[in-house]
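Listing of entry.txt; format and content: compact mmCIF, C-alpha atoms.
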# COMPACT_ATOMS: atom_id res chain seq x y z
CA ILE A 113 -167.80 -161.65 -196.65
CA LYS A 114 -168.48 -158.27 -195.05
CA SER A 115 -172.07 -157.60 -196.15
CA MET A 116 -175.34 -159.46 -196.74
CA GLU A 117 -174.75 -158.83 -200.45
CA ASP A 118 -171.51 -160.85 -200.27
CA LEU A 119 -173.43 -164.03 -199.37
CA LYS A 120 -174.79 -164.24 -202.92
CA GLY A 121 -173.27 -167.08 -204.91
CA GLN A 122 -171.50 -168.48 -201.82
CA ALA A 123 -174.20 -170.82 -200.58
CA ASP A 124 -172.03 -173.92 -201.20
CA LYS A 125 -169.60 -172.78 -198.49
CA PHE A 126 -172.44 -172.83 -195.95
CA ASP A 127 -174.21 -175.98 -197.19
CA GLY A 128 -176.98 -173.68 -198.39
CA LYS A 129 -178.24 -172.98 -194.88
CA ILE A 130 -178.50 -170.26 -192.28
CA THR A 131 -178.60 -171.83 -188.82
CA GLY A 132 -181.55 -170.12 -187.18
CA ILE A 133 -183.19 -169.80 -183.78
CA GLU A 134 -186.81 -170.32 -182.65
CA ALA A 135 -189.31 -170.32 -185.54
CA SER A 136 -191.64 -168.12 -183.47
CA ALA A 137 -189.04 -165.38 -182.96
CA GLY A 138 -189.65 -162.06 -184.68
CA GLU A 139 -186.06 -162.09 -185.92
CA THR A 140 -186.70 -165.42 -187.68
CA ALA A 141 -189.83 -164.07 -189.38
CA LEU A 142 -187.97 -160.95 -190.51
CA LEU A 143 -185.07 -163.03 -191.84
CA LYS A 144 -187.32 -165.30 -193.88
CA SER A 145 -189.86 -162.78 -195.14
CA LYS A 146 -187.69 -159.74 -195.76
CA MET A 147 -183.93 -160.11 -195.39
CA LEU A 148 -183.28 -163.02 -197.79
CA LYS A 149 -185.60 -161.59 -200.44
CA ALA A 150 -184.10 -158.10 -200.16
CA TYR A 151 -180.68 -159.48 -201.09
CA GLY A 152 -181.88 -162.19 -203.53
CA LEU A 153 -180.76 -165.01 -201.24
CA ASP A 154 -184.10 -166.81 -200.87
CA LYS A 155 -183.35 -169.18 -203.78
CA GLU A 156 -179.89 -170.14 -202.43
CA TYR A 157 -180.29 -170.36 -198.68
CA LYS A 158 -182.68 -172.18 -196.36
CA VAL A 159 -183.21 -170.95 -192.78
CA VAL A 160 -182.99 -173.99 -190.47
CA ASP A 161 -185.20 -173.35 -187.43
CA SER A 162 -183.99 -174.65 -184.07
CA SER A 163 -183.47 -172.79 -180.79
CA THR A 164 -181.09 -170.12 -179.54
CA PRO A 165 -179.05 -172.64 -177.46
CA ALA A 166 -178.91 -175.02 -180.45
CA MET A 167 -177.76 -172.22 -182.76
CA LEU A 168 -175.04 -171.21 -180.31
CA ALA A 169 -173.94 -174.83 -179.94
CA GLU A 170 -173.67 -175.14 -183.72
CA LEU A 171 -171.70 -171.86 -183.87
CA LYS A 172 -169.32 -173.16 -181.17
CA ARG A 173 -168.82 -176.48 -183.02
CA ALA A 174 -168.20 -174.85 -186.40
CA TYR A 175 -165.89 -172.21 -184.88
CA ALA A 176 -163.81 -174.89 -183.15
CA LYS A 177 -163.35 -176.66 -186.50
CA LYS A 178 -162.93 -173.40 -188.46
CA LYS A 179 -165.85 -174.32 -190.73
CA PRO A 180 -167.94 -171.63 -192.49
CA ILE A 181 -171.24 -170.86 -190.77
CA VAL A 182 -173.81 -168.07 -190.95
CA VAL A 183 -176.20 -167.40 -188.06
CA PRO A 184 -178.72 -164.70 -187.06
CA LEU A 185 -177.42 -162.75 -184.05
CA TRP A 186 -178.05 -159.48 -182.27
CA SER A 187 -176.06 -156.88 -180.46
CA PRO A 188 -175.37 -156.90 -177.61
CA HIS A 189 -174.55 -160.62 -177.30
CA TRP A 190 -171.78 -162.44 -175.42
CA ALA A 191 -170.93 -164.45 -178.59
CA TYR A 192 -169.13 -161.35 -179.92
CA ASN A 193 -166.89 -161.52 -176.86
CA ASP A 194 -166.17 -165.26 -177.05
CA TYR A 195 -165.71 -165.52 -180.82
CA LYS A 196 -164.18 -163.31 -183.50
CA LEU A 197 -167.21 -162.72 -185.72
CA THR A 198 -168.08 -160.41 -188.61
CA LYS A 199 -171.38 -158.57 -188.39
CA LEU A 200 -172.63 -158.50 -191.98
CA LYS A 201 -173.58 -155.00 -193.10
CA ASP A 202 -177.15 -154.35 -194.15
CA PRO A 203 -176.84 -151.50 -196.72
CA LYS A 204 -180.55 -151.77 -197.64
CA GLY A 205 -181.63 -151.42 -194.01
CA ALA A 206 -183.81 -154.51 -194.24
CA TRP A 207 -183.30 -155.34 -190.55
CA GLY A 208 -184.77 -151.98 -189.57
CA LYS A 209 -183.46 -149.48 -187.05
CA GLY A 210 -181.89 -150.54 -183.76
CA ASP A 211 -183.36 -149.87 -180.33
CA GLY A 212 -181.83 -148.24 -177.27
CA ILE A 213 -181.99 -150.17 -173.98
CA HIS A 214 -183.58 -147.95 -171.36
CA SER A 215 -183.88 -148.05 -167.56
CA LEU A 216 -187.44 -147.59 -166.30
CA ALA A 217 -188.41 -146.45 -162.80
CA ARG A 218 -191.63 -145.86 -160.92
CA LYS A 219 -192.98 -142.32 -160.50
CA GLY A 220 -191.27 -140.60 -157.58
CA PHE A 221 -188.12 -142.76 -157.69
CA GLY A 222 -185.94 -139.73 -158.48
CA LYS A 223 -187.19 -137.85 -155.42
CA ASP A 224 -186.78 -140.83 -153.12
CA PHE A 225 -183.30 -141.75 -154.38
CA PRO A 226 -181.76 -138.66 -156.02
CA GLU A 227 -178.18 -139.97 -156.02
CA VAL A 228 -179.08 -143.39 -157.43
CA ASN A 229 -181.38 -141.68 -159.94
CA LYS A 230 -178.43 -139.65 -161.23
CA TRP A 231 -176.23 -142.77 -161.47
CA VAL A 232 -178.87 -144.63 -163.47
CA LYS A 233 -179.48 -141.63 -165.76
CA ASP A 234 -175.76 -141.36 -166.50
CA PHE A 235 -175.30 -145.14 -166.85
CA LYS A 236 -173.63 -146.32 -170.05
CA LEU A 237 -171.97 -149.59 -171.03
CA SER A 238 -170.05 -150.17 -174.22
CA GLU A 239 -170.77 -153.26 -176.29
CA LYS A 240 -167.41 -154.71 -175.27
CA GLN A 241 -168.15 -154.17 -171.57
CA LEU A 242 -171.64 -155.63 -171.76
CA THR A 243 -170.74 -158.67 -173.85
CA SER A 244 -167.71 -159.49 -171.68
CA LEU A 245 -169.95 -159.28 -168.59
CA GLU A 246 -172.52 -161.53 -170.25
CA ALA A 247 -169.75 -163.97 -171.18
CA GLU A 248 -168.54 -164.08 -167.55
CA ILE A 249 -172.08 -164.81 -166.32
CA ASN A 250 -172.57 -167.43 -169.03
CA LYS A 251 -169.30 -169.10 -168.04
CA SER A 252 -170.18 -169.17 -164.33
CA GLY A 253 -173.50 -170.90 -164.92
CA LYS A 254 -177.02 -170.58 -163.55
CA GLY A 255 -177.37 -169.35 -159.97
CA LYS A 256 -173.86 -167.88 -159.82
CA GLN A 257 -174.54 -164.52 -161.45
CA GLN A 258 -173.43 -162.57 -158.36
CA ASP A 259 -170.05 -164.35 -158.28
CA ALA A 260 -169.65 -163.76 -162.00
CA VAL A 261 -170.29 -160.01 -161.66
CA LYS A 262 -167.77 -159.77 -158.81
CA ALA A 263 -165.17 -161.60 -160.94
CA TRP A 264 -165.88 -159.28 -163.87
CA LEU A 265 -165.53 -156.17 -161.70
CA LYS A 266 -162.10 -157.37 -160.55
CA LYS A 267 -161.05 -157.58 -164.21
CA ASN A 268 -162.49 -154.13 -164.88
CA PRO A 269 -161.15 -151.97 -162.03
CA GLY A 270 -162.50 -148.47 -161.73
CA ILE A 271 -165.83 -149.17 -163.41
CA VAL A 272 -167.80 -149.02 -160.16
CA ASP A 273 -166.42 -145.56 -159.42
CA LYS A 274 -167.49 -144.43 -162.90
CA LEU A 275 -170.97 -145.96 -162.67
CA ALA A 276 -171.65 -144.88 -159.07
CA PRO A 277 -169.24 -142.08 -158.18
CA VAL A 278 -169.12 -141.35 -154.46
CA LYS A 279 -167.17 -138.54 -152.88
CA LYS A 280 -164.15 -139.90 -151.07
CA GLN A 281 -164.80 -139.71 -147.34
CA SER A 282 -162.08 -138.13 -145.24
CA THR A 283 -161.61 -139.29 -141.66
CA PRO A 284 -163.73 -137.02 -139.41
CA ALA A 285 -161.97 -135.16 -136.59
CA GLU A 286 -164.18 -137.04 -134.09
CA ALA A 287 -162.33 -140.26 -134.96
CA LYS A 288 -159.34 -139.10 -132.90
CA ARG A 289 -161.30 -140.01 -129.76
CA PRO A 290 -161.60 -143.82 -129.28
CA VAL A 291 -165.17 -145.17 -128.99
CA ASN A 292 -165.86 -147.27 -125.88
CA VAL A 293 -168.36 -149.93 -126.99
CA ALA A 294 -170.06 -152.32 -124.58
CA TRP A 295 -171.43 -155.61 -125.90
CA PHE A 296 -173.31 -158.63 -124.57
CA PRO A 297 -172.36 -162.22 -125.51
CA TRP A 298 -175.59 -162.54 -127.50
CA ASP A 299 -175.57 -163.51 -131.19
CA GLU A 300 -177.14 -160.32 -132.52
CA ASP A 301 -174.97 -158.04 -130.37
CA ILE A 302 -171.77 -159.85 -131.34
CA ALA A 303 -172.80 -159.56 -134.98
CA VAL A 304 -173.70 -155.88 -135.06
CA THR A 305 -170.84 -154.75 -132.79
CA PHE A 306 -168.16 -156.47 -134.85
CA LEU A 307 -169.85 -155.30 -138.06
CA TRP A 308 -169.59 -151.65 -136.99
CA LYS A 309 -166.03 -152.24 -135.78
CA ASN A 310 -165.06 -153.63 -139.20
CA VAL A 311 -166.69 -150.80 -141.14
CA LEU A 312 -165.57 -147.90 -138.94
CA GLU A 313 -161.98 -148.93 -138.24
CA ARG A 314 -161.40 -148.84 -141.99
CA ARG A 315 -162.59 -145.24 -141.82
CA GLY A 316 -160.10 -144.21 -139.15
CA TYR A 317 -162.10 -144.86 -135.95
CA LYS A 318 -160.82 -146.93 -133.02
CA PHE A 319 -163.21 -149.23 -131.13
CA ASN A 320 -162.47 -150.28 -127.54
CA LEU A 321 -164.71 -153.32 -126.98
CA LYS A 322 -165.86 -154.32 -123.51
CA GLN A 323 -167.99 -157.41 -122.85
CA MET A 324 -170.38 -156.69 -119.97
CA ASP A 325 -173.74 -157.59 -118.39
CA VAL A 326 -176.84 -155.47 -118.95
CA GLY A 327 -176.85 -153.63 -115.60
CA PRO A 328 -173.24 -152.41 -115.73
CA VAL A 329 -173.73 -151.30 -119.35
CA TYR A 330 -176.54 -148.90 -118.41
CA THR A 331 -174.50 -147.67 -115.44
CA GLY A 332 -171.44 -147.07 -117.64
CA LEU A 333 -173.47 -145.23 -120.29
CA SER A 334 -175.09 -143.04 -117.64
CA THR A 335 -171.71 -141.93 -116.23
CA GLY A 336 -170.05 -141.48 -119.63
CA ASP A 337 -167.50 -144.24 -119.01
CA LEU A 338 -169.08 -146.06 -121.96
CA ASP A 339 -170.08 -144.45 -125.25
CA VAL A 340 -172.45 -146.89 -126.96
CA ASN A 341 -174.24 -150.23 -126.90
CA PHE A 342 -176.13 -151.60 -129.92
CA ASP A 343 -178.38 -154.15 -128.18
CA ALA A 344 -181.01 -152.42 -126.05
CA TRP A 345 -184.24 -154.48 -126.21
CA LEU A 346 -186.94 -151.90 -125.51
CA PRO A 347 -189.54 -151.06 -124.35
CA TYR A 348 -190.18 -154.40 -122.58
CA THR A 349 -187.18 -156.68 -122.00
CA GLN A 350 -184.87 -154.02 -120.53
CA LYS A 351 -187.68 -151.85 -119.12
CA SER A 352 -186.39 -151.84 -115.53
CA TYR A 353 -182.98 -150.53 -116.65
CA TRP A 354 -184.49 -148.00 -119.02
CA ASP A 355 -186.84 -146.63 -116.38
CA LYS A 356 -183.89 -146.16 -114.02
CA TYR A 357 -181.43 -144.56 -116.48
CA LYS A 358 -183.55 -143.02 -119.28
CA ASN A 359 -182.76 -139.45 -118.18
CA LYS A 360 -179.03 -140.15 -118.19
CA VAL A 361 -178.65 -141.95 -121.55
CA THR A 362 -179.76 -141.35 -125.15
CA THR A 363 -181.39 -143.71 -127.65
CA LEU A 364 -180.55 -143.24 -131.34
CA GLY A 365 -183.53 -145.28 -132.52
CA SER A 366 -184.07 -148.90 -133.46
CA TRP A 367 -182.08 -150.79 -136.09
CA TYR A 368 -184.15 -154.00 -135.95
CA GLY A 369 -187.68 -154.93 -135.02
CA PRO A 370 -189.95 -156.25 -133.92
CA THR A 371 -188.30 -158.98 -131.86
CA SER A 372 -190.30 -161.94 -130.62
CA LEU A 373 -190.18 -164.98 -128.36
CA GLU A 374 -191.72 -168.16 -129.72
CA ILE A 375 -191.82 -171.92 -129.85
CA ALA A 376 -190.50 -173.14 -133.21
CA VAL A 377 -190.81 -176.48 -135.00
CA PRO A 378 -189.24 -177.66 -138.28
CA SER A 379 -191.44 -176.94 -141.30
CA TYR A 380 -191.54 -180.64 -142.17
CA VAL A 381 -193.78 -181.12 -139.10
CA LYS A 382 -197.15 -180.72 -140.79
CA GLY A 383 -200.32 -179.28 -139.31
CA ILE A 384 -198.68 -177.23 -136.57
CA LYS A 385 -198.80 -173.47 -137.16
CA SER A 386 -199.80 -172.26 -133.70
CA VAL A 387 -198.98 -173.12 -130.07
CA GLU A 388 -202.60 -174.34 -129.86
CA ASP A 389 -201.81 -176.99 -132.50
CA LEU A 390 -199.34 -178.71 -130.15
CA LYS A 391 -202.23 -179.99 -128.06
CA GLY A 392 -202.80 -183.73 -128.46
CA ARG A 393 -199.52 -184.27 -130.32
CA ALA A 394 -197.11 -184.64 -127.40
CA LYS A 395 -196.11 -188.21 -128.41
CA GLU A 396 -194.51 -186.90 -131.62
CA PHE A 397 -192.29 -184.62 -129.53
CA ASN A 398 -191.55 -187.17 -126.77
CA GLY A 399 -193.64 -184.99 -124.47
CA LYS A 400 -191.06 -182.20 -124.27
CA ILE A 401 -190.36 -178.64 -125.34
CA VAL A 402 -186.61 -178.03 -125.41
CA GLY A 403 -185.73 -174.84 -123.57
CA ILE A 404 -182.61 -172.87 -122.68
CA GLU A 405 -181.03 -171.74 -119.38
CA GLY A 406 -183.43 -172.36 -116.50
CA GLY A 407 -182.96 -168.99 -114.79
CA THR A 408 -183.84 -166.78 -117.76
CA GLY A 409 -186.94 -164.63 -117.96
CA THR A 410 -187.94 -166.25 -121.25
CA MET A 411 -188.02 -169.70 -119.63
CA ASP A 412 -190.19 -168.32 -116.81
CA ILE A 413 -192.65 -166.99 -119.40
CA LEU A 414 -192.70 -170.34 -121.22
CA ARG A 415 -193.22 -172.38 -118.05
CA LYS A 416 -195.57 -170.13 -116.08
CA ASP A 417 -197.59 -168.44 -118.82
CA VAL A 418 -197.41 -170.11 -122.23
CA VAL A 419 -197.54 -173.85 -121.46
CA PRO A 420 -200.40 -173.67 -118.91
CA GLY A 421 -202.12 -170.89 -120.86
CA TYR A 422 -202.58 -173.22 -123.84
CA GLY A 423 -203.40 -176.27 -121.69
CA LEU A 424 -200.14 -178.04 -122.54
CA ASP A 425 -198.92 -178.53 -118.95
CA LYS A 426 -200.44 -182.01 -118.64
CA GLU A 427 -198.81 -183.21 -121.92
CA TYR A 428 -195.44 -181.46 -122.18
CA LYS A 429 -192.45 -180.97 -119.93
CA VAL A 430 -190.25 -177.92 -120.49
CA VAL A 431 -186.66 -179.17 -120.52
CA SER A 432 -184.12 -176.60 -119.34
CA GLY A 433 -180.42 -176.75 -120.18
CA SER A 434 -178.48 -174.19 -122.18
CA THR A 435 -178.83 -172.31 -125.46
CA PRO A 436 -176.02 -174.37 -127.09
CA ALA A 437 -177.69 -177.60 -125.91
CA MET A 438 -181.06 -176.51 -127.35
CA LEU A 439 -179.42 -175.68 -130.69
CA ALA A 440 -177.57 -179.02 -130.70
CA GLU A 441 -180.87 -180.85 -130.15
CA LEU A 442 -182.49 -178.85 -132.97
CA LYS A 443 -179.57 -179.69 -135.29
CA ARG A 444 -179.72 -183.41 -134.41
CA ALA A 445 -183.49 -183.69 -134.88
CA TYR A 446 -183.44 -181.64 -138.09
CA ALA A 447 -180.76 -183.87 -139.62
CA LYS A 448 -182.96 -186.93 -138.94
CA LYS A 449 -186.20 -185.12 -139.88
CA GLU A 450 -187.61 -185.86 -136.44
CA PRO A 451 -190.24 -183.63 -134.77
CA VAL A 452 -188.78 -181.21 -132.22
CA ALA A 453 -190.21 -178.16 -130.44
CA VAL A 454 -187.74 -175.56 -129.15
CA LEU A 455 -187.86 -172.21 -127.44
CA LEU A 456 -186.47 -169.60 -129.86
CA TRP A 457 -186.53 -165.88 -130.45
CA THR A 458 -186.31 -163.48 -133.37
CA PRO A 459 -183.76 -162.45 -134.51
CA HIS A 460 -181.78 -165.70 -134.47
CA TRP A 461 -179.47 -167.31 -137.03
CA ALA A 462 -181.34 -170.64 -136.73
CA TYR A 463 -184.08 -169.19 -138.95
CA SER A 464 -181.53 -168.62 -141.72
CA LYS A 465 -179.93 -172.05 -141.35
CA TYR A 466 -183.08 -174.18 -140.95
CA ASP A 467 -186.55 -174.08 -142.45
CA LEU A 468 -188.59 -173.53 -139.29
CA THR A 469 -192.16 -172.57 -138.42
CA LYS A 470 -192.59 -169.86 -135.78
CA LEU A 471 -195.69 -170.98 -133.90
CA LYS A 472 -198.28 -168.25 -133.62
CA ASP A 473 -199.24 -167.07 -130.16
CA PRO A 474 -202.87 -165.95 -130.60
CA LYS A 475 -203.30 -165.31 -126.85
CA GLY A 476 -200.20 -163.10 -126.77
CA LEU A 477 -198.79 -164.96 -123.76
CA PHE A 478 -195.17 -164.45 -124.83
CA GLY A 479 -195.78 -160.71 -124.61
CA LYS A 480 -195.24 -157.94 -127.10
CA GLY A 481 -192.11 -157.68 -129.22
CA ASP A 482 -189.32 -155.19 -128.64
CA THR A 483 -187.23 -153.19 -131.06
CA ILE A 484 -183.43 -153.41 -130.81
CA ARG A 485 -182.02 -149.94 -130.25
CA THR A 486 -178.68 -148.19 -130.10
CA VAL A 487 -178.19 -146.49 -126.72
CA THR A 488 -175.43 -143.97 -126.01
CA SER A 489 -174.12 -141.68 -123.31
CA LYS A 490 -175.64 -138.21 -123.10
CA ALA A 491 -172.46 -136.62 -124.50
CA PHE A 492 -172.22 -138.97 -127.49
CA THR A 493 -174.19 -136.90 -130.02
CA LYS A 494 -171.90 -133.87 -129.49
CA GLN A 495 -168.70 -135.92 -129.37
CA TYR A 496 -169.54 -138.01 -132.46
CA PRO A 497 -171.92 -136.11 -134.81
CA GLN A 498 -171.03 -138.26 -137.84
CA LEU A 499 -171.45 -141.55 -135.95
CA THR A 500 -174.73 -140.24 -134.54
CA LYS A 501 -176.06 -139.74 -138.07
CA TRP A 502 -174.90 -143.18 -139.24
CA PHE A 503 -176.22 -145.00 -136.18
CA LYS A 504 -179.60 -143.23 -136.42
CA ASN A 505 -180.04 -144.32 -140.05
CA PHE A 506 -178.80 -147.89 -139.49
CA LYS A 507 -181.17 -150.78 -140.28
CA MET A 508 -180.71 -154.55 -140.76
CA THR A 509 -183.16 -157.10 -142.15
CA GLU A 510 -183.72 -160.47 -140.51
CA ASP A 511 -181.99 -162.20 -143.43
CA GLU A 512 -178.94 -159.91 -143.25
CA LEU A 513 -178.58 -160.36 -139.52
CA GLY A 514 -179.21 -164.12 -139.69
CA THR A 515 -176.62 -164.76 -142.40
CA LEU A 516 -174.06 -162.62 -140.55
CA GLU A 517 -174.67 -164.59 -137.35
CA ILE A 518 -174.25 -167.86 -139.28
CA GLU A 519 -170.92 -166.66 -140.70
CA ILE A 520 -169.67 -165.79 -137.19
CA ASN A 521 -170.96 -169.10 -135.82
CA LYS A 522 -169.21 -170.97 -138.65
CA HIS A 523 -165.84 -169.30 -138.00
CA GLY A 524 -165.99 -170.05 -134.28
CA GLN A 525 -165.22 -168.18 -131.08
CA GLY A 526 -162.39 -165.70 -131.28
CA HIS A 527 -162.66 -165.32 -135.06
CA GLN A 528 -165.48 -162.75 -135.20
CA ALA A 529 -163.37 -160.18 -137.09
CA ALA A 530 -162.49 -162.66 -139.86
CA ALA A 531 -166.11 -163.79 -140.11
CA VAL A 532 -167.41 -160.23 -140.44
CA SER A 533 -164.78 -159.41 -143.08
CA ALA A 534 -165.88 -162.44 -145.12
CA TRP A 535 -169.55 -161.45 -144.78
CA VAL A 536 -168.97 -157.78 -145.70
CA LYS A 537 -167.22 -158.86 -148.92
CA LYS A 538 -170.36 -160.79 -149.87
CA HIS A 539 -172.67 -157.89 -148.89
CA PRO A 540 -170.93 -154.66 -149.97
CA GLU A 541 -174.29 -152.91 -150.28
CA VAL A 542 -174.78 -153.12 -146.50
CA GLU A 543 -171.54 -151.26 -145.80
CA GLU A 544 -172.43 -148.61 -148.38
CA ARG A 545 -175.83 -148.16 -146.74
CA MET A 546 -174.34 -147.94 -143.24
CA THR A 547 -172.01 -145.06 -144.08
CA SER A 548 -173.90 -143.24 -146.82
CA PRO A 549 -173.31 -139.47 -146.73

Just give me the structure of the file as structure tokens.
Amino acid sequence: IKSMEDLKGQADKFDGKITGIEASAGETALLKSKMLKAYGLDKEYKVVDSSTPAMLAELKRAYAKKKPIVVPLWSPHWAYNDYKLTKLKDPKGAWGKGDGIHSLARKGFGKDFPEVNKWVKDFKLSEKQLTSLEAEINKSGKGKQQDAVKAWLKKNPGIVDKLAPVKKQSTPAEAKRPVNVAWFPWDEDIAVTFLWKNVLERRGYKFNLKQMDVGPVYTGLSTGDLDVNFDAWLPYTQKSYWDKYKNKVTTLGSWYGPTSLEIAVPSYVKGIKSVEDLKGRAKEFNGKIVGIEGGTGTMDILRKDVVPGYGLDKEYKVVSGSTPAMLAELKRAYAKKEPVAVLLWTPHWAYSKYDLTKLKDPKGLFGKGDTIRTVTSKAFTKQYPQLTKWFKNFKMTEDELGTLEIEINKHGQGHQAAAVSAWVKKHPEVEERMTSP
């Protein structure tokens, strides 16, 4: 049986039925009203309506038992990858002409993204490629499409280079000079510093990492002993340092913002959206707001400005300790679904790990938010023109930064490089964006 015509007189083999899909489908209507009549099959065969999953289940069952079955299908479809099927010819053209599957874009897309526009215009997949990809996704199950695509790409090496050809990047001459990078032991700085180290060392650069405090970093950048730091909180948090050294260092712009300081509570604590809403509910929180290190500027703002400014000083005590202790208390309370109020800031990985409410600060007592900027020595832009371009264009979303911080936190101290490698494999688009030509 190679053609619709060959079905005539063979209805007994198929129990006189064509196992159909949804009765409301246009394909079903066409099959019943036109196809069967066109080939004189309407007296021999009955179309049994069901659903697409039911039809595919029946096809799978019959195929496993090597029993004859006839079903309506369409191309492309993963069934042609999983089973050896014959597409019955339609010499009378009763099915009509086939469509092309097109990519649609908004007006102006081509101007905004000329390279991607060219890739999409040139994009082609063969039926075998598409159906094998569909089959991989179908096999992986709902919610695991990304993993399925990655698995398929491993089985089809070279396809990415064909779909999105990028000129191979040679190692720039500037990479011969090691880059002296200063970093703070803060989550976001650890994350972004080790991310750049991972990406750039695979492109021939060498990073000399130096953990330092804020003051010495600005001093080192101003003298040229240091080349770059990725964690300048400006214009507010590091204002005193910036005012002192701004004529001796260079900023390459912000890669994240705005930052913020806030009190946060778990989202399961209902009716609290603002710091004002904490008033009168101290019993739920055991009369405390869990803070961090007592000597920090953020704790001073919380104690001296925020708590009295909202009239909470008679109800709540600000408990100082350490950042790890605050996070441990948040973790413990969250696991038990107990109310807890903690001092937090954005960006922070806790917002990716837990469902938290950032309490609004309508009086603005926490102050205005900063942007996180890349600051370099004065000579940097001439010494590293390619890095200057990449660093200037660099941006990270809160979700990207939060999930990277979680990965580093999960791997533990001393394993930052392994954590970043694992994260980059899951987010290849970030690396591509960081070093785009």

Shell around A:Thr547 at 12 Å using all atoms listed in the file, local window under 5 positions removed, as an mmCIF file with C-alpha atoms, in the coordinates of the input:
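Dumped to part.cif:
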data_model
loop_
_atom_site.group_PDB
_atom_site.id
_atom_site.type_symbol
_atom_site.label_atom_id
_atom_site.label_comp_id
_atom_site.auth_asym_id
_atom_site.auth_seq_id
_atom_site.Cartn_x
_atom_site.Cartn_y
_atom_site.Cartn_z
ATOM 1 C CA VAL A 278 -169.120 -141.350 -154.460
ATOM 2 C CA LYS A 279 -167.170 -138.540 -152.880
ATOM 3 C CA LYS A 280 -164.150 -139.900 -151.070
ATOM 4 C CA GLN A 281 -164.800 -139.710 -147.340
ATOM 5 C CA TRP A 308 -169.590 -151.650 -136.990
ATOM 6 C CA VAL A 311 -166.690 -150.800 -141.140
ATOM 7 C CA LEU A 312 -165.570 -147.900 -138.940
ATOM 8 C CA ARG A 314 -161.400 -148.840 -141.990
ATOM 9 C CA ARG A 315 -162.590 -145.240 -141.820
ATOM 10 C CA GLN A 498 -171.030 -138.260 -137.840
ATOM 11 C CA LEU A 499 -171.450 -141.550 -135.950
ATOM 12 C CA THR A 500 -174.730 -140.240 -134.540
ATOM 13 C CA LYS A 501 -176.060 -139.740 -138.070
ATOM 14 C CA TRP A 502 -174.900 -143.180 -139.240
ATOM 15 C CA PHE A 503 -176.220 -145.000 -136.180
ATOM 16 C CA LYS A 504 -179.600 -143.230 -136.420
ATOM 17 C CA ASN A 505 -180.040 -144.320 -140.050
ATOM 18 C CA PHE A 506 -178.800 -147.890 -139.490
ATOM 19 C CA LYS A 507 -181.170 -150.780 -140.280
ATOM 20 C CA PRO A 540 -170.930 -154.660 -149.970
ATOM 21 C CA GLU A 541 -174.290 -152.910 -150.280
ATOM 22 C CA VAL A 542 -174.780 -153.120 -146.500
#

Could you produce a table of the residues of stretch 234-341 of chain A lying within 10 Å of stretch 441-464 of chain A, with the nearest pair of atoms per residue and their separation in Å rounded to one decimal, using all atoms listed in the file, ordered by chain and increasing residue number, as JSON lines?
{"residue": "A:Trp298", "atom": "CA", "partner": "A:His460", "partner_atom": "CA", "distance": 9.8}
{"residue": "A:Asp299", "atom": "CA", "partner": "A:His460", "partner_atom": "CA", "distance": 7.4}
{"residue": "A:Glu300", "atom": "CA", "partner": "A:Pro459", "partner_atom": "CA", "distance": 7.2}

- request: Give me the residues within 8 Å of A:Phe296 as a PyMOL selection string, counting all atoms listed in the file and dropping any in the same chain fewer than 3 places off.
  value: chain A and resi 301-302+323-326+343

Length of the atom CA of A:Gly476 to atom CA of A:Leu364 vector [Å]: 28.3 Å

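Minimum atom-to-atom distances from A:Thr469, A:Thr486, A:Thr371, A:Gln525 to A:Gly383 were compared using all atoms listed in the file, and the lowest value belongs to A:Thr469.
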
At a cut-off of 10 Å, can you tabulate as JSON lines every residue of stretch 178-257 of chain A near stretch 139-154 of chain A together with its closest atom pair and the distance in Å to one decimal, using all atoms listed in the file and ordering rows by chain then number?
{"residue": "A:Pro184", "atom": "CA", "partner": "A:Glu139", "partner_atom": "CA", "distance": 7.9}
{"residue": "A:Leu185", "atom": "CA", "partner": "A:Glu139", "partner_atom": "CA", "distance": 8.9}
{"residue": "A:Trp186", "atom": "CA", "partner": "A:Glu139", "partner_atom": "CA", "distance": 9.2}
{"residue": "A:Asp202", "atom": "CA", "partner": "A:Met147", "partner_atom": "CA", "distance": 9.0}
{"residue": "A:Pro203", "atom": "CA", "partner": "A:Tyr151", "partner_atom": "CA", "distance": 9.9}
{"residue": "A:Lys204", "atom": "CA", "partner": "A:Ala150", "partner_atom": "CA", "distance": 7.7}
{"residue": "A:Gly205", "atom": "CA", "partner": "A:Met147", "partner_atom": "CA", "distance": 9.1}
{"residue": "A:Ala206", "atom": "CA", "partner": "A:Met147", "partner_atom": "CA", "distance": 5.7}
{"residue": "A:Trp207", "atom": "CA", "partner": "A:Met147", "partner_atom": "CA", "distance": 6.8}
{"residue": "A:Gly208", "atom": "CA", "partner": "A:Leu142", "partner_atom": "CA", "distance": 9.6}

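Atom CA of A:Lys472 to atom CA of A:Tyr348 spans 19.5 Å [interatomic distance, one decimal].
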
Please define a box with edges along x, y and z of the file around all atoms of stretch 301-318 of chain A given in the file, extend it by 4 Å on each side, and return its centre and edge lengths in Å to one decimal, as AutoDock Vina command-line options.
--center_x -167.5 --center_y -152.0 --center_z -136.2 --size_x 22.9 --size_y 23.6 --size_z 19.6

message: Which residue is closest to A:Pro420? Choose from A:Ala191, A:Leu477, A:Leu471, A:Ala394 and count all atoms listed in the file.
response: A:Leu477

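Minimum atom-to-atom distances from A:Glu246, A:Tyr368, A:Lys426, A:Asp234 to A:Asp511 were compared using all atoms listed in the file, and the lowest value belongs to A:Tyr368.
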
message: With 12 Å as the threshold, what does the neighbourhood of (-171.0, -172.6, -137.7) contain in terms of residues, counting only C-alpha atoms? Coordinates are those of the file; answer as a VMD selection string.
response: chain A and resid 436 439 to 440 443 461 to 462 464 to 465 514 to 525 527 to 528 531
